[in-house]
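Listing of upload.pdb, PDB, C-alpha atoms, pLDDT in the B column
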```pdb
MODEL        1
ATOM      1  CA  MET K 290     151.184 146.542 109.742  1.00 89.00           C
ATOM      2  CA  LYS K 291     152.733 143.534 111.447  1.00 95.00           C
ATOM      3  CA  PHE K 292     151.457 139.971 111.299  1.00 95.00           C
ATOM      4  CA  ARG K 293     151.517 138.539 114.830  1.00 97.00           C
ATOM      5  CA  LYS K 294     149.634 135.253 114.736  1.00 97.00           C
ATOM      6  CA  PHE K 295     147.769 133.163 112.163  1.00 97.00           C
ATOM      7  CA  ARG K 296     145.393 130.297 112.884  1.00 97.00           C
ATOM      8  CA  VAL K 297     143.205 127.920 110.880  1.00 97.00           C
ATOM      9  CA  LYS K 298     140.430 125.989 112.603  1.00 97.00           C
ATOM     10  CA  ILE K 299     138.713 123.068 110.881  1.00 97.00           C
ATOM     11  CA  PHE K 300     135.743 121.185 112.311  1.00 97.00           C
ATOM     12  CA  SER K 301     134.769 117.778 110.932  1.00 95.00           C
ATOM     13  CA  GLY K 302     131.619 117.256 112.966  1.00 89.00           C
ATOM     14  CA  LYS K 303     133.301 115.345 115.769  1.00 87.00           C
ATOM     15  CA  ASP K 304     136.940 116.510 115.811  1.00 93.00           C
ATOM     16  CA  GLU K 305     138.734 119.830 115.488  1.00 96.00           C
ATOM     17  CA  TYR K 306     141.873 120.209 113.362  1.00 95.00           C
ATOM     18  CA  GLY K 307     144.039 123.103 112.261  1.00 94.00           C
ATOM     19  CA  PHE K 308     147.256 124.895 112.959  1.00 93.00           C
ATOM     20  CA  GLU K 309     148.628 128.103 114.442  1.00 95.00           C
ATOM     21  CA  TYR K 310     151.730 130.071 113.567  1.00 94.00           C
ATOM     22  CA  LYS K 311     153.192 132.923 115.614  1.00 96.00           C
ATOM     23  CA  PHE K 312     155.274 135.350 113.583  1.00 96.00           C
ATOM     24  CA  ASP K 313     158.548 136.611 115.015  1.00 95.00           C
ATOM     25  CA  ASP K 314     159.664 140.221 114.689  1.00 92.00           C
ATOM     26  CA  GLY K 315     161.657 140.766 111.509  1.00 91.00           C
ATOM     27  CA  LEU K 316     161.870 138.338 108.627  1.00 94.00           C
ATOM     28  CA  ASN K 317     159.932 135.057 108.787  1.00 94.00           C
ATOM     29  CA  ILE K 318     160.892 132.367 106.282  1.00 93.00           C
ATOM     30  CA  ILE K 319     158.438 129.674 105.271  1.00 91.00           C
ATOM     31  CA  ARG K 320     160.181 126.599 103.933  1.00 93.00           C
ATOM     32  CA  GLY K 321     159.352 122.967 103.418  1.00 92.00           C
ATOM     33  CA  ASP K 322     159.287 120.085 100.983  1.00 94.00           C
ATOM     34  CA  ASN K 323     157.065 120.072  97.916  1.00 93.00           C
ATOM     35  CA  SER K 324     153.387 119.585  98.797  1.00 85.00           C
ATOM     36  CA  SER K 325     154.004 120.402 102.472  1.00 87.00           C
ATOM     37  CA  GLY K 326     151.541 123.336 102.608  1.00 87.00           C
ATOM     38  CA  LYS K 327     153.629 126.459 101.959  1.00 91.00           C
ATOM     39  CA  SER K 328     151.307 127.796  99.244  1.00 91.00           C
ATOM     40  CA  THR K 329     148.248 126.808 101.273  1.00 91.00           C
ATOM     41  CA  LEU K 330     149.585 128.846 104.203  1.00 92.00           C
ATOM     42  CA  VAL K 331     150.341 131.901 102.070  1.00 92.00           C
ATOM     43  CA  ASN K 332     146.994 131.733 100.226  1.00 93.00           C
ATOM     44  CA  ALA K 333     145.092 131.351 103.503  1.00 95.00           C
ATOM     45  CA  LEU K 334     147.007 134.300 104.961  1.00 94.00           C
ATOM     46  CA  ILE K 335     146.082 136.486 101.983  1.00 93.00           C
ATOM     47  CA  TYR K 336     142.475 135.230 102.163  1.00 95.00           C
ATOM     48  CA  SER K 337     142.263 136.055 105.877  1.00 95.00           C
ATOM     49  CA  ILE K 338     142.751 139.771 105.199  1.00 92.00           C
ATOM     50  CA  GLY K 339     140.368 139.782 102.221  1.00 91.00           C
ATOM     51  CA  MET K 340     142.998 140.376  99.536  1.00 91.00           C
ATOM     52  CA  GLU K 341     142.811 137.127  97.557  1.00 91.00           C
ATOM     53  CA  GLU K 342     142.230 139.023  94.302  1.00 90.00           C
ATOM     54  CA  ILE K 343     145.961 139.873  94.246  1.00 90.00           C
ATOM     55  CA  ILE K 344     146.647 136.180  93.568  1.00 87.00           C
ATOM     56  CA  GLY K 345     144.020 136.083  90.782  1.00 87.00           C
ATOM     57  CA  SER K 346     141.065 134.530  92.612  1.00 88.00           C
ATOM     58  CA  LYS K 347     137.889 135.574  94.365  1.00 90.00           C
ATOM     59  CA  GLY K 348     136.671 134.194  97.656  1.00 90.00           C
ATOM     60  CA  VAL K 349     137.176 130.576  98.641  1.00 93.00           C
ATOM     61  CA  ALA K 350     138.254 129.696  95.083  1.00 92.00           C
ATOM     62  CA  SER K 351     141.699 130.985  96.128  1.00 92.00           C
ATOM     63  CA  LEU K 352     142.045 128.155  98.650  1.00 94.00           C
ATOM     64  CA  PRO K 353     142.801 124.452  98.141  1.00 92.00           C
ATOM     65  CA  TYR K 354     140.299 121.696  98.921  1.00 92.00           C
ATOM     66  CA  ALA K 355     142.234 120.837 102.108  1.00 92.00           C
ATOM     67  CA  LEU K 356     140.793 123.968 103.754  1.00 95.00           C
ATOM     68  CA  LYS K 357     137.262 123.834 102.382  1.00 94.00           C
ATOM     69  CA  SER K 358     136.019 120.332 101.551  1.00 95.00           C
ATOM     70  CA  HIS K 359     138.262 117.502 102.808  1.00 95.00           C
ATOM     71  CA  PHE K 360     141.774 116.416 103.709  1.00 92.00           C
ATOM     72  CA  VAL K 361     143.576 113.159 104.416  1.00 90.00           C
ATOM     73  CA  ASP K 362     144.708 112.276 107.951  1.00 86.00           C
ATOM     74  CA  SER K 363     146.583 108.972 108.308  1.00 86.00           C
ATOM     75  CA  GLU K 364     144.936 107.601 105.158  1.00 87.00           C
ATOM     76  CA  ASP K 365     141.429 108.597 106.367  1.00 91.00           C
ATOM     77  CA  GLU K 366     139.551 111.191 104.329  1.00 94.00           C
ATOM     78  CA  ILE K 367     138.137 113.811 106.692  1.00 95.00           C
ATOM     79  CA  ARG K 368     135.158 115.869 105.473  1.00 96.00           C
ATOM     80  CA  ILE K 369     135.151 119.515 106.510  1.00 97.00           C
ATOM     81  CA  LEU K 370     131.904 120.912 107.902  1.00 96.00           C
ATOM     82  CA  GLU K 371     133.287 124.277 109.030  1.00 97.00           C
ATOM     83  CA  SER K 372     136.615 126.035 108.593  1.00 97.00           C
ATOM     84  CA  THR K 373     137.789 129.480 109.629  1.00 98.00           C
ATOM     85  CA  VAL K 374     140.956 131.581 109.441  1.00 98.00           C
ATOM     86  CA  TYR K 375     142.097 134.071 112.092  1.00 98.00           C
ATOM     87  CA  ILE K 376     144.825 136.674 111.711  1.00 97.00           C
ATOM     88  CA  GLU K 377     146.160 138.872 114.502  1.00 98.00           C
ATOM     89  CA  LEU K 378     147.611 142.146 113.213  1.00 97.00           C
ATOM     90  CA  GLU K 379     149.408 145.023 114.927  1.00 96.00           C
ATOM     91  CA  ASN K 380     149.413 148.523 113.463  1.00 95.00           C
ATOM     92  CA  SER K 381     152.166 151.127 113.726  1.00 95.00           C
ATOM     93  CA  ASN K 382     150.590 152.511 116.936  1.00 97.00           C
ATOM     94  CA  GLY K 383     150.812 149.131 118.644  1.00 96.00           C
ATOM     95  CA  VAL K 384     147.067 148.460 118.416  1.00 97.00           C
ATOM     96  CA  ILE K 385     146.352 144.745 117.995  1.00 97.00           C
ATOM     97  CA  ASN K 386     143.220 143.372 116.318  1.00 97.00           C
ATOM     98  CA  THR K 387     142.166 139.862 115.374  1.00 97.00           C
ATOM     99  CA  PHE K 388     140.304 139.291 112.115  1.00 96.00           C
ATOM    100  CA  LYS K 389     138.169 136.210 111.503  1.00 97.00           C
ATOM    101  CA  ARG K 390     136.909 134.953 108.144  1.00 97.00           C
ATOM    102  CA  ALA K 391     134.887 131.838 107.406  1.00 97.00           C
ATOM    103  CA  ILE K 392     136.062 129.497 104.681  1.00 97.00           C
ATOM    104  CA  THR K 393     133.339 126.860 104.883  1.00 96.00           C
ATOM    105  CA  SER K 394     130.321 127.593 107.055  1.00 95.00           C
ATOM    106  CA  ILE K 395     126.615 126.923 107.257  1.00 91.00           C
ATOM    107  CA  ASN K 396     125.718 130.301 108.767  1.00 92.00           C
ATOM    108  CA  LYS K 397     128.682 132.650 108.111  1.00 93.00           C
ATOM    109  CA  ASP K 398     129.242 134.520 104.852  1.00 92.00           C
ATOM    110  CA  SER K 399     132.759 133.841 103.560  1.00 93.00           C
ATOM    111  CA  LYS K 400     132.819 137.296 101.951  1.00 90.00           C
ATOM    112  CA  LEU K 401     132.816 139.009 105.342  1.00 91.00           C
ATOM    113  CA  VAL K 402     135.808 139.620 107.586  1.00 90.00           C
ATOM    114  CA  GLU K 403     134.910 140.006 111.281  1.00 92.00           C
ATOM    115  CA  VAL K 404     137.015 142.095 113.675  1.00 91.00           C
TER
ENDMDL
END
```
Conversion result in structure tokens:
Amino acid sequence: MKFRKFRVKIFSGKDEYGFEYKFDDGLNIIRGDNSSGKSTLVNALIYSIGMEEIIGSKGVASLPYALKSHFVDSEDEIRILESTVYIELENSNGVINTFKRAITSINKDSKLVEV
């Protein structure tokens, strides 16, 4: 299995936030200063494929508040109404699928992973 692309979408009610990362072939190194989001990225990646129990949590409890309740943008606290993770995977036969999992949602169950 190869990770191809990872995306987080966050909706505040009026604006959309998030990020996207495209994985290169081979080794990908995630580096950054303390509190820059490395653990958040890794935890969200694990959550996106439904395997958060390997890091000792169940469901959205494995994720930080910045993906499920609020975050700070230029000193403004932004409340999260909806947030979702997407992961694009490629299997050994070259078949590519995108998986979607809600983090915070009014009408989507965060326990389900959609293909």
For each of K:Lys298, K:Lys303, K:Lys311, K:Lys327, take the minimum atom-to-atom distance to Leu356 of chain K, counting all atoms listed in the file, then give the residue where this is smallest.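 Distance minimum relative to Leu356 of chain K lands on K:Lys298.
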Option closest in space to Arg293 of chain K, from K:Ile376, K:Ile318, K:Val361, K:Leu352 [counting all atoms listed in the file]: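 Looking at the shortest contact to Arg293 of chain K, the residue is K:Ile376.
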Which distance in Å separates atom CA of His359 of chain K and atom CA of Ile299 of chain K, to one decimal?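 Going from atom CA of His359 of chain K over to atom CA of Ile299 of chain K covers 9.8 Å.
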Expanded to explicit residues, what is the PyMOL selection byres ((chain K and resi 391) around 9) for this file, as a list in words?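 So the PyMOL selection byres ((chain K and resi 391) around 9), applied here, picks out Ser337, Glu371, Ser372, Thr373, Val374, Tyr375, Lys389, Arg390, Ile392, Thr393, Ser394, Lys397, Asp398, Ser399, Lys400, Leu401 and Val402 of chain K.
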Between K:Ile338, K:Val349, K:Val297, K:Ala355, which is the closest to Ser325 of chain K once you count only C-alpha atoms?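 Under the stated criterion, the closest residue is K:Ala355.
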Would you mind telling me which residue in K:Asn382, K:Asp304, K:Phe360, K:Ser351 lies nearest to Leu330 of chain K when using all atoms listed in the file?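 Between K:Asn382, K:Asp304, K:Phe360, K:Ser351, the residue approaching Leu330 of chain K most closely is K:Ser351.
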Coordinates-based distance that separates atom CA of Gly348 of chain K from atom CA of Asp362 of chain K (Å, one decimal):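 Atom CA of Asp362 of chain K sits 25.5 Å away from atom CA of Gly348 of chain K.
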Using only C-alpha atoms, pick whichever of K:Ile319, K:Ile343, K:Ile395, K:Leu334 has the shortest atom-to-atom distance to Leu370 of chain K.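 Smallest distance to Leu370 of chain K is found for K:Ile395.
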I'd like to know which of K:Leu378, K:Val404, K:Val384, K:Ile367 is closest to Phe312 of chain K, using only C-alpha atoms.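 Checking each of K:Leu378, K:Val404, K:Val384, K:Ile367 against Phe312 of chain K, counting only C-alpha atoms, the winner is K:Leu378.
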Can you list, as a list in words, every protein, DNA or RNA residue that comes within 8 Å of Met290 of chain K when you count all atoms listed in the file, leaving out same-chain residues fewer than 4 positions away?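 These residues fall inside the cut-off: Leu378, Glu379, Asn380 and Ser381 of chain K.
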Rounded to one decimal, what separation in Å do you get between atom CA of Thr387 of chain K and atom CA of Phe308 of chain K?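 Separation of atom CA of Thr387 of chain K and atom CA of Phe308 of chain K: 16.0 Å.
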Axis-aligned box for all listed atoms of segment 375-379 of chain K, 3 Å per side, centre and edges in Å to one decimal, as lines of an AutoDock Vina configuration file:
```
center_x = 145.8
center_y = 139.5
center_z = 113.3
size_x = 13.3
size_y = 17.0
size_z = 9.2
```
Hey, what comes out of the PyMOL selection byres ((chain K and resi 309) around 6) on this file? Could you write it as a PDB file with C-alpha atoms, keeping the file's coordinate frame?
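Below you can see out_11.pdb, which holds the result:
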```pdb
ATOM      1  CA  PHE K 295     147.769 133.163 112.163  1.00 97.00           C
ATOM      2  CA  ARG K 296     145.393 130.297 112.884  1.00 97.00           C
ATOM      3  CA  PHE K 308     147.256 124.895 112.959  1.00 93.00           C
ATOM      4  CA  TYR K 310     151.730 130.071 113.567  1.00 94.00           C
TER       5      TYR K 310
END
```
Only N, CA, C and O atoms needed: put segment 308-325 of chain K from the block into a file as an mmCIF file, in the first residue's frame.
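Final output, out16.cif:
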```
data_model
loop_
_atom_site.group_PDB
_atom_site.id
_atom_site.type_symbol
_atom_site.label_atom_id
_atom_site.label_comp_id
_atom_site.auth_asym_id
_atom_site.auth_seq_id
_atom_site.Cartn_x
_atom_site.Cartn_y
_atom_site.Cartn_z
ATOM 1 N N PHE K 308 -5.469 21.609 4.741
ATOM 2 C CA PHE K 308 -4.189 21.454 4.066
ATOM 3 C C PHE K 308 -4.202 20.168 3.253
ATOM 4 O O PHE K 308 -5.063 19.309 3.439
ATOM 5 N N GLU K 309 -3.239 20.075 2.334
ATOM 6 C CA GLU K 309 -3.093 18.889 1.499
ATOM 7 C C GLU K 309 -1.612 18.579 1.381
ATOM 8 O O GLU K 309 -0.787 19.490 1.282
ATOM 9 N N TYR K 310 -1.295 17.306 1.412
ATOM 10 C CA TYR K 310 0.090 16.870 1.264
ATOM 11 C C TYR K 310 0.142 15.736 0.254
ATOM 12 O O TYR K 310 -0.602 14.753 0.378
ATOM 13 N N LYS K 311 0.984 15.874 -0.751
ATOM 14 C CA LYS K 311 1.193 14.817 -1.740
ATOM 15 C C LYS K 311 2.480 14.095 -1.389
ATOM 16 O O LYS K 311 3.535 14.722 -1.276
ATOM 17 N N PHE K 312 2.380 12.788 -1.212
ATOM 18 C CA PHE K 312 3.543 11.977 -0.870
ATOM 19 C C PHE K 312 4.342 11.660 -2.132
ATOM 20 O O PHE K 312 3.780 11.372 -3.188
ATOM 21 N N ASP K 313 5.657 11.722 -2.006
ATOM 22 C CA ASP K 313 6.544 11.326 -3.091
ATOM 23 C C ASP K 313 6.779 9.822 -3.005
ATOM 24 O O ASP K 313 6.551 9.196 -1.968
ATOM 25 N N ASP K 314 7.247 9.227 -4.092
ATOM 26 C CA ASP K 314 7.665 7.829 -4.037
ATOM 27 C C ASP K 314 8.866 7.733 -3.106
ATOM 28 O O ASP K 314 9.669 8.661 -3.000
ATOM 29 N N GLY K 315 8.998 6.623 -2.416
ATOM 30 C CA GLY K 315 10.122 6.438 -1.506
ATOM 31 C C GLY K 315 9.834 7.014 -0.131
ATOM 32 O O GLY K 315 8.697 7.114 0.299
ATOM 33 N N LEU K 316 10.881 7.405 0.531
ATOM 34 C CA LEU K 316 10.801 7.903 1.907
ATOM 35 C C LEU K 316 10.345 9.361 1.942
ATOM 36 O O LEU K 316 10.860 10.191 1.216
ATOM 37 N N ASN K 317 9.352 9.638 2.790
ATOM 38 C CA ASN K 317 8.891 11.005 3.033
ATOM 39 C C ASN K 317 9.200 11.343 4.481
ATOM 40 O O ASN K 317 8.834 10.592 5.384
ATOM 41 N N ILE K 318 9.866 12.450 4.706
ATOM 42 C CA ILE K 318 10.251 12.860 6.056
ATOM 43 C C ILE K 318 9.403 14.057 6.463
ATOM 44 O O ILE K 318 9.319 15.041 5.725
ATOM 45 N N ILE K 319 8.802 13.938 7.637
ATOM 46 C CA ILE K 319 8.007 15.034 8.187
ATOM 47 C C ILE K 319 8.845 15.670 9.283
ATOM 48 O O ILE K 319 9.194 15.022 10.264
ATOM 49 N N ARG K 320 9.167 16.944 9.104
ATOM 50 C CA ARG K 320 9.964 17.634 10.109
ATOM 51 C C ARG K 320 9.409 19.022 10.331
ATOM 52 O O ARG K 320 8.719 19.576 9.484
ATOM 53 N N GLY K 321 9.707 19.569 11.493
ATOM 54 C CA GLY K 321 9.256 20.912 11.810
ATOM 55 C C GLY K 321 9.568 21.238 13.253
ATOM 56 O O GLY K 321 9.983 20.379 14.028
ATOM 57 N N ASP K 322 9.372 22.489 13.610
ATOM 58 C CA ASP K 322 9.595 22.933 14.979
ATOM 59 C C ASP K 322 8.573 22.299 15.917
ATOM 60 O O ASP K 322 7.546 21.762 15.471
ATOM 61 N N ASN K 323 8.846 22.389 17.211
ATOM 62 C CA ASN K 323 7.875 21.945 18.207
ATOM 63 C C ASN K 323 6.559 22.682 17.996
ATOM 64 O O ASN K 323 6.550 23.854 17.637
ATOM 65 N N SER K 324 5.467 21.976 18.206
ATOM 66 C CA SER K 324 4.110 22.532 18.076
ATOM 67 C C SER K 324 3.795 23.036 16.669
ATOM 68 O O SER K 324 2.983 23.938 16.492
ATOM 69 N N SER K 325 4.416 22.446 15.656
ATOM 70 C CA SER K 325 4.143 22.872 14.277
ATOM 71 C C SER K 325 3.127 21.974 13.574
ATOM 72 O O SER K 325 2.746 22.270 12.445
#
```
